[in-house]
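Data from protein.csv: CSV, C-alpha atoms
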```
chain,number,residue,atom,x,y,z
A,1,LYS,CA,99.1,59.5,-79.1
A,2,ALA,CA,96.5,60.8,-76.8
A,3,GLY,CA,97.3,64.1,-75.3
A,4,VAL,CA,97.5,65.2,-71.7
A,5,THR,CA,94.1,64.8,-69.9
A,6,GLN,CA,92.9,66.4,-66.7
A,7,THR,CA,89.9,65.6,-64.6
A,8,PRO,CA,87.6,67.1,-63.6
A,9,ARG,CA,87.4,70.0,-66.0
A,10,TYR,CA,85.4,72.2,-63.6
A,11,LEU,CA,85.0,72.3,-59.9
A,12,ILE,CA,83.2,74.5,-57.5
A,13,LYS,CA,84.1,74.4,-53.8
A,14,THR,CA,83.6,76.5,-50.7
A,15,ARG,CA,86.2,78.0,-48.5
A,16,GLY,CA,87.8,75.6,-46.1
A,17,GLN,CA,87.2,72.5,-48.2
A,18,GLN,CA,89.9,70.5,-49.9
A,19,VAL,CA,90.1,69.4,-53.6
A,20,THR,CA,92.0,66.8,-55.6
A,21,LEU,CA,92.8,67.3,-59.2
A,22,SER,CA,94.1,64.6,-61.6
A,23,CYS,CA,96.4,64.6,-64.5
A,24,SER,CA,97.2,61.8,-67.0
A,25,PRO,CA,100.4,62.5,-69.0
A,26,ILE,CA,101.1,61.5,-72.6
A,27,SER,CA,102.0,57.8,-72.8
A,28,GLY,CA,105.7,57.4,-72.2
A,29,HIS,CA,106.1,60.8,-70.5
A,30,ARG,CA,107.5,60.5,-67.0
A,31,SER,CA,107.6,64.1,-65.9
A,32,VAL,CA,104.5,66.0,-64.8
A,33,SER,CA,104.5,69.7,-63.9
A,34,TRP,CA,101.7,71.7,-62.4
A,35,TYR,CA,100.9,75.3,-63.0
A,36,GLN,CA,98.4,77.8,-61.6
A,37,GLN,CA,97.0,80.3,-64.1
A,38,THR,CA,95.2,83.5,-62.9
A,39,PRO,CA,94.5,86.8,-64.6
A,40,GLY,CA,96.6,88.7,-62.1
A,41,GLN,CA,99.6,86.4,-61.7
A,42,GLY,CA,99.7,84.6,-65.0
A,43,LEU,CA,101.2,81.1,-65.2
A,44,GLN,CA,103.0,80.1,-62.1
A,45,PHE,CA,104.9,76.9,-61.4
A,46,LEU,CA,103.6,74.8,-58.6
A,47,PHE,CA,105.7,71.6,-58.6
A,48,GLU,CA,107.1,68.9,-60.8
A,49,TYR,CA,107.2,65.1,-60.4
A,50,PHE,CA,109.3,62.5,-62.0
A,51,SER,CA,109.3,58.8,-61.1
A,52,GLU,CA,107.0,59.4,-58.2
A,53,THR,CA,109.4,62.0,-56.6
A,54,GLN,CA,108.9,65.7,-56.3
A,55,ARG,CA,111.9,67.2,-57.9
A,56,ASN,CA,111.0,70.9,-57.9
A,57,LYS,CA,108.6,73.1,-56.1
A,58,GLY,CA,107.4,76.7,-56.6
A,59,ASN,CA,106.6,79.3,-54.1
A,60,PHE,CA,103.2,78.1,-52.9
A,61,PRO,CA,102.1,77.4,-49.4
A,62,GLY,CA,102.1,73.9,-47.9
A,63,ARG,CA,98.4,73.6,-48.6
A,64,PHE,CA,99.3,72.8,-52.1
A,65,SER,CA,100.7,69.3,-52.5
A,66,GLY,CA,100.9,66.6,-55.0
A,67,ARG,CA,102.0,63.1,-55.8
A,68,GLN,CA,102.7,60.9,-58.7
A,69,PHE,CA,101.9,57.2,-59.2
A,70,SER,CA,103.9,54.5,-60.8
A,71,ASN,CA,102.1,54.9,-64.1
A,72,SER,CA,103.1,58.6,-64.1
A,73,ARG,CA,99.6,59.8,-63.5
A,74,SER,CA,99.7,62.7,-61.0
A,75,GLU,CA,97.4,64.3,-58.6
A,76,MET,CA,97.5,67.6,-56.8
A,77,ASN,CA,95.7,68.5,-53.6
A,78,VAL,CA,94.7,71.8,-52.2
A,79,SER,CA,93.6,71.8,-48.6
A,80,THR,CA,91.7,74.5,-46.7
A,81,LEU,CA,90.7,76.3,-49.8
A,82,GLU,CA,90.8,80.1,-49.9
A,83,LEU,CA,89.0,82.4,-52.3
A,84,GLY,CA,92.4,83.3,-53.9
A,85,ASP,CA,92.8,79.7,-55.0
A,86,SER,CA,90.3,80.2,-57.7
A,87,ALA,CA,92.2,79.6,-60.9
A,88,LEU,CA,92.8,77.4,-63.9
A,89,TYR,CA,95.1,74.5,-62.8
A,90,LEU,CA,97.2,73.2,-65.7
A,91,CYS,CA,99.4,70.2,-65.8
A,92,ALA,CA,102.0,69.6,-68.4
A,93,SER,CA,103.9,66.4,-69.2
A,94,SER,CA,107.3,65.9,-70.8
A,95,LEU,CA,109.6,62.9,-71.4
A,96,SER,CA,111.9,63.5,-68.5
A,97,GLY,CA,111.6,67.1,-67.5
A,98,ALA,CA,115.1,67.8,-68.8
A,99,SER,CA,116.1,71.3,-69.6
A,100,THR,CA,115.1,71.2,-73.3
A,101,ASP,CA,112.2,68.8,-73.1
A,102,THR,CA,109.0,70.1,-74.6
A,103,GLN,CA,106.1,70.4,-72.1
A,104,TYR,CA,102.6,69.6,-73.4
A,105,PHE,CA,99.7,71.0,-71.5
A,106,GLY,CA,96.4,69.5,-70.5
A,107,PRO,CA,93.1,71.3,-70.9
A,108,GLY,CA,93.2,72.4,-67.2
A,109,THR,CA,90.8,72.2,-64.3
A,110,ARG,CA,88.9,75.4,-63.6
A,111,LEU,CA,88.5,75.7,-59.8
A,112,THR,CA,86.1,78.2,-58.3
A,113,VAL,CA,86.2,78.7,-54.6
A,114,LEU,CA,83.1,80.4,-53.1
B,1,GLY,CA,115.3,82.8,-59.5
B,2,GLU,CA,114.4,83.4,-63.2
B,3,ASN,CA,112.3,86.4,-64.1
B,4,VAL,CA,110.8,86.8,-67.6
B,5,GLU,CA,109.4,90.1,-68.8
B,6,GLN,CA,107.1,90.2,-71.9
B,7,HIS,CA,106.1,93.1,-74.0
B,8,PRO,CA,103.7,94.4,-75.2
B,9,SER,CA,100.8,93.2,-73.1
B,10,THR,CA,98.4,93.9,-75.9
B,11,LEU,CA,99.0,94.1,-79.7
B,12,SER,CA,96.5,94.9,-82.3
B,13,VAL,CA,97.4,94.5,-86.0
B,14,GLN,CA,95.6,94.4,-89.4
B,15,GLU,CA,95.4,91.1,-91.2
B,16,GLY,CA,98.5,90.6,-93.3
B,17,ASP,CA,100.7,92.7,-91.1
B,18,SER,CA,103.6,91.4,-89.0
B,19,ALA,CA,103.5,91.0,-85.2
B,20,VAL,CA,106.5,91.0,-82.9
B,21,ILE,CA,106.5,90.1,-79.2
B,22,LYS,CA,109.6,90.5,-77.1
B,23,CYS,CA,110.8,88.8,-73.9
B,24,THR,CA,113.8,89.3,-71.7
B,25,TYR,CA,115.0,86.9,-69.1
B,26,SER,CA,117.3,87.3,-66.1
B,27,ASP,CA,119.1,84.0,-65.6
B,28,SER,CA,122.0,83.4,-67.9
B,29,ALA,CA,121.7,79.6,-67.1
B,30,SER,CA,118.4,79.5,-69.0
B,31,ASN,CA,118.8,77.5,-72.2
B,32,TYR,CA,115.4,76.7,-73.5
B,33,PHE,CA,112.8,79.2,-74.7
B,34,PRO,CA,109.4,78.0,-75.8
B,35,TRP,CA,106.5,80.1,-77.0
B,36,TYR,CA,102.9,79.0,-76.3
B,37,LYS,CA,99.6,80.2,-77.9
B,38,GLN,CA,96.5,80.0,-75.8
B,39,GLU,CA,93.1,80.6,-77.3
B,40,LEU,CA,90.2,81.5,-75.1
B,41,GLY,CA,89.1,78.6,-73.0
B,42,LYS,CA,91.8,76.3,-74.4
B,43,ARG,CA,95.1,74.8,-73.3
B,44,PRO,CA,98.4,76.5,-74.0
B,45,GLN,CA,99.8,75.0,-77.3
B,46,LEU,CA,103.5,75.1,-78.1
B,47,ILE,CA,104.0,77.0,-81.4
B,48,ILE,CA,107.8,77.2,-81.5
B,49,ASP,CA,110.8,76.8,-79.3
B,50,ILE,CA,114.5,77.6,-79.4
B,51,ARG,CA,117.5,76.3,-77.6
B,52,SER,CA,120.4,78.5,-76.5
B,53,ASN,CA,122.8,77.0,-79.0
B,54,VAL,CA,120.7,78.5,-81.9
B,55,GLY,CA,120.1,82.1,-82.8
B,56,GLU,CA,117.1,81.8,-84.9
B,57,LYS,CA,114.4,79.3,-85.8
B,58,LYS,CA,111.6,79.5,-88.4
B,59,ASP,CA,108.5,77.5,-89.0
B,60,GLN,CA,106.4,78.9,-91.9
B,61,ARG,CA,105.0,82.2,-90.8
B,62,ILE,CA,106.5,82.0,-87.3
B,63,ALA,CA,110.1,82.7,-86.3
B,64,VAL,CA,111.9,83.1,-83.0
B,65,THR,CA,115.2,84.9,-82.5
B,66,LEU,CA,117.5,84.6,-79.4
B,67,ASN,CA,120.2,87.0,-78.3
B,68,LYS,CA,122.0,85.3,-75.4
B,69,THR,CA,124.3,88.2,-74.7
B,70,ALA,CA,121.4,90.6,-74.2
B,71,LYS,CA,119.2,87.9,-72.7
B,72,HIS,CA,116.2,88.5,-74.9
B,73,PHE,CA,114.2,86.6,-77.4
B,74,SER,CA,111.4,87.5,-79.7
B,75,LEU,CA,108.5,86.0,-81.6
B,76,HIS,CA,107.8,87.1,-85.1
B,77,ILE,CA,104.6,86.3,-86.9
B,78,THR,CA,104.3,87.4,-90.5
B,79,GLU,CA,101.2,87.6,-92.7
B,80,THR,CA,99.0,87.5,-89.7
B,81,GLN,CA,95.5,86.0,-90.0
B,82,PRO,CA,92.5,86.4,-87.8
B,83,GLU,CA,93.0,82.9,-86.4
B,84,ASP,CA,96.3,84.1,-85.0
B,85,SER,CA,94.3,86.1,-82.4
B,86,ALA,CA,95.1,84.6,-79.0
B,87,VAL,CA,97.3,85.1,-75.9
B,88,TYR,CA,100.9,84.4,-76.5
B,89,PHE,CA,103.3,83.4,-73.7
B,90,CYS,CA,107.0,83.2,-73.7
B,91,ALA,CA,108.9,81.1,-71.2
B,92,ALA,CA,112.4,80.2,-70.1
B,93,LYS,CA,113.8,77.1,-68.6
B,94,GLN,CA,117.2,76.6,-66.9
B,95,SER,CA,119.6,73.9,-67.7
B,96,ALA,CA,119.1,70.7,-65.9
B,97,GLY,CA,120.5,70.0,-62.5
B,98,GLY,CA,119.7,71.2,-59.0
B,99,THR,CA,116.3,72.7,-58.7
B,100,SER,CA,115.5,73.5,-62.3
B,101,TYR,CA,113.7,70.4,-63.4
B,102,GLY,CA,110.4,70.8,-65.1
B,103,LYS,CA,110.1,74.5,-64.2
B,104,LEU,CA,109.0,76.9,-66.9
B,105,THR,CA,109.0,80.6,-66.0
B,106,PHE,CA,106.5,82.4,-68.0
B,107,GLY,CA,106.1,86.0,-69.2
B,108,GLN,CA,102.8,87.7,-68.4
B,109,GLY,CA,101.4,87.1,-71.9
B,110,THR,CA,100.5,89.2,-74.9
B,111,ILE,CA,96.9,89.5,-76.2
B,112,LEU,CA,97.2,89.6,-80.0
B,113,THR,CA,94.2,90.7,-82.0
B,114,VAL,CA,94.3,90.5,-85.7
B,115,HIS,CA,91.6,92.6,-87.4
B,116,PRO,CA,90.2,91.3,-90.8
```

Once more with this new file: its structure as structure tokens, please.
Amino acid sequence: KAGVTQTPRYLIKTRGQQVTLSCSPISGHRSVSWYQQTPGQGLQFLFEYFSETQRNKGNFPGRFSGRQFSNSRSEMNVSTLELGDSALYLCASSLSGASTDTQYFGPGTRLTVL
Amino acid sequence: GENVEQHPSTLSVQEGDSAVIKCTYSDSASNYFPWYKQELGKRPQLIIDIRSNVGEKKDQRIAVTLNKTAKHFSLHITETQPEDSAVYFCAAKQSAGGTSYGKLTFGQGTILTVHP
């Protein structure tokens, strides 16, 4: 099976712009979770989608949003970008997001905000 | 919410030695504990996981132990090799229901360096 894929792999934006990142899960996986990885804060949970519904959300401002499509592909959007949003954004897919489901990570999108 | 503490933050060993990384968690409802290895510029890769109904799990040179009473779990790597050099993350996940779906809470990571 093909692994989790993310596009684009690299993005450079300026403050105030918005950005959309895409994640395609492993075939058959219906849960997609998003994480932000920075040197200072480590890996932090953003949100999780299952069957096109957000089931869980981390402690991020409303500028961070996401959605999931009927084919389980997911997008996240960050509006009004700030310098502090520069990070590696990782998505992870699992079968159902249940407590003991393994999460498989994509390669990430490296976002740089200038 | 859940909080995961990971120690040490850096670990340097000689090839062939053992390496141990320890994590503690705060929420007794957590029941799934994966360990991920992340090489520079690459995605986190699951190397081993353990569920709360098991005390120990082993896969070749890698083992994980879980002490539910003390709320801590550890990664043990034996006969380390230079290719084991990477950042290792522990994580915890609560049992399903309510707001726990899909959320892994990660430790801060351990940079492991194995010297040839």

List the spatial neighbours of Thr105 (chain B) as a PDB file with C-alpha atoms, keeping the file's coordinate frame - criterion: any atom at most 8 Å away, all atoms listed in the file, same-chain residues fewer than 3 positions off excluded.
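Generated file (result-v3.pdb):
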```pdb
ATOM      1  CA  LEU A  43     101.200  81.100 -65.200  1.00  0.00           C
ATOM      2  CA  GLN A  44     103.000  80.100 -62.100  1.00  0.00           C
ATOM      3  CA  PHE A  45     104.900  76.900 -61.400  1.00  0.00           C
TER       4      PHE A  45
ATOM      5  CA  GLU B   2     114.400  83.400 -63.200  1.00  0.00           C
ATOM      6  CA  ASN B   3     112.300  86.400 -64.100  1.00  0.00           C
ATOM      7  CA  VAL B   4     110.800  86.800 -67.600  1.00  0.00           C
ATOM      8  CA  ALA B  91     108.900  81.100 -71.200  1.00  0.00           C
ATOM      9  CA  ALA B  92     112.400  80.200 -70.100  1.00  0.00           C
ATOM     10  CA  LYS B  93     113.800  77.100 -68.600  1.00  0.00           C
TER      11      LYS B  93
END
```

* To do: Could you list the residues in chain B lying within 9 Å of chain A, using only C-alpha atoms, and format the result as a PyMOL selection string?
  => chain B and resi 30-34+41-46+49-51+93-109

* To do: Could you give me, as a PyMOL selection string, the residues that have an atom at most 9 Å away from the point (94.2, 94.0, -94.9) in the coordinates of the file, using only C-alpha atoms?
  => chain B and resi 14-17+115-116

* Asked: Rounded to one decimal in Å, what is the spacing between CA of Arg67 (chain A) and CA of Cys90 (chain B)?
  -> 27.4 Å

* Arg63 (chain A): which residues within 10 Å, counting only C-alpha atoms, same-chain residues fewer than 4 positions away excluded, as a PyMOL selection string? -> chain A and resi 18+77-81

* **Separation of CA of Ile48 (chain B) from CA of Thr80 (chain B), in Å and rounded to one decimal** =>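 Rounded to one decimal, the two atoms are 15.8 Å apart.
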
* Structure fact -> One residue among B:Ala86, B:Ala29, B:Ile111, B:Ile77 is nearest to Thr65 (chain B) when using only C-alpha atoms, and that residue is B:Ile77

Sorted by chain and rising residue number, which residues of region 19-77 of chain A lie within 8 Å of region 3-15 of chain A, and what are their closest atom pairs and distances in Å to one decimal, counting all atoms listed in the file, as a tab-separated table?
```
residue	atom	partner	partner_atom	distance
A:Val19	CA	A:Lys13	CA	7.8
A:Leu21	CA	A:Thr7	CA	6.4
A:Ser22	CA	A:Thr7	CA	5.3
A:Cys23	CA	A:Gln6	CA	4.5
A:Ser24	CA	A:Thr5	CA	5.2
A:Pro25	CA	A:Val4	CA	4.8
A:Ile26	CA	A:Val4	CA	5.2
```

* To do: Would you work out the distance separating CA of Ile21 (chain B) from CA of Leu40 (chain B), expressed in Å to one decimal?
  =>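 Computing the Euclidean distance for CA of Ile21 (chain B) and CA of Leu40 (chain B) yields 18.9 Å.
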
* Identify, on the basis of all atoms listed in the file, every residue whose closest approach to Asn67 (chain B) does not exceed 12 Å; exclude the query and any residue fewer than 6 positions from it along the same chain; express the result as a ChimeraX atom specification. => /B:22-25,28,31,33,50-56,73-74

* Asked: Counting only C-alpha atoms, which of B:Asp59, B:Val114, B:Ala70, B:Glu5 gets nearest to Asp84 (chain B)?
  ->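 Once distances to Asp84 (chain B) are computed over only C-alpha atoms, the minimum belongs to B:Val114.
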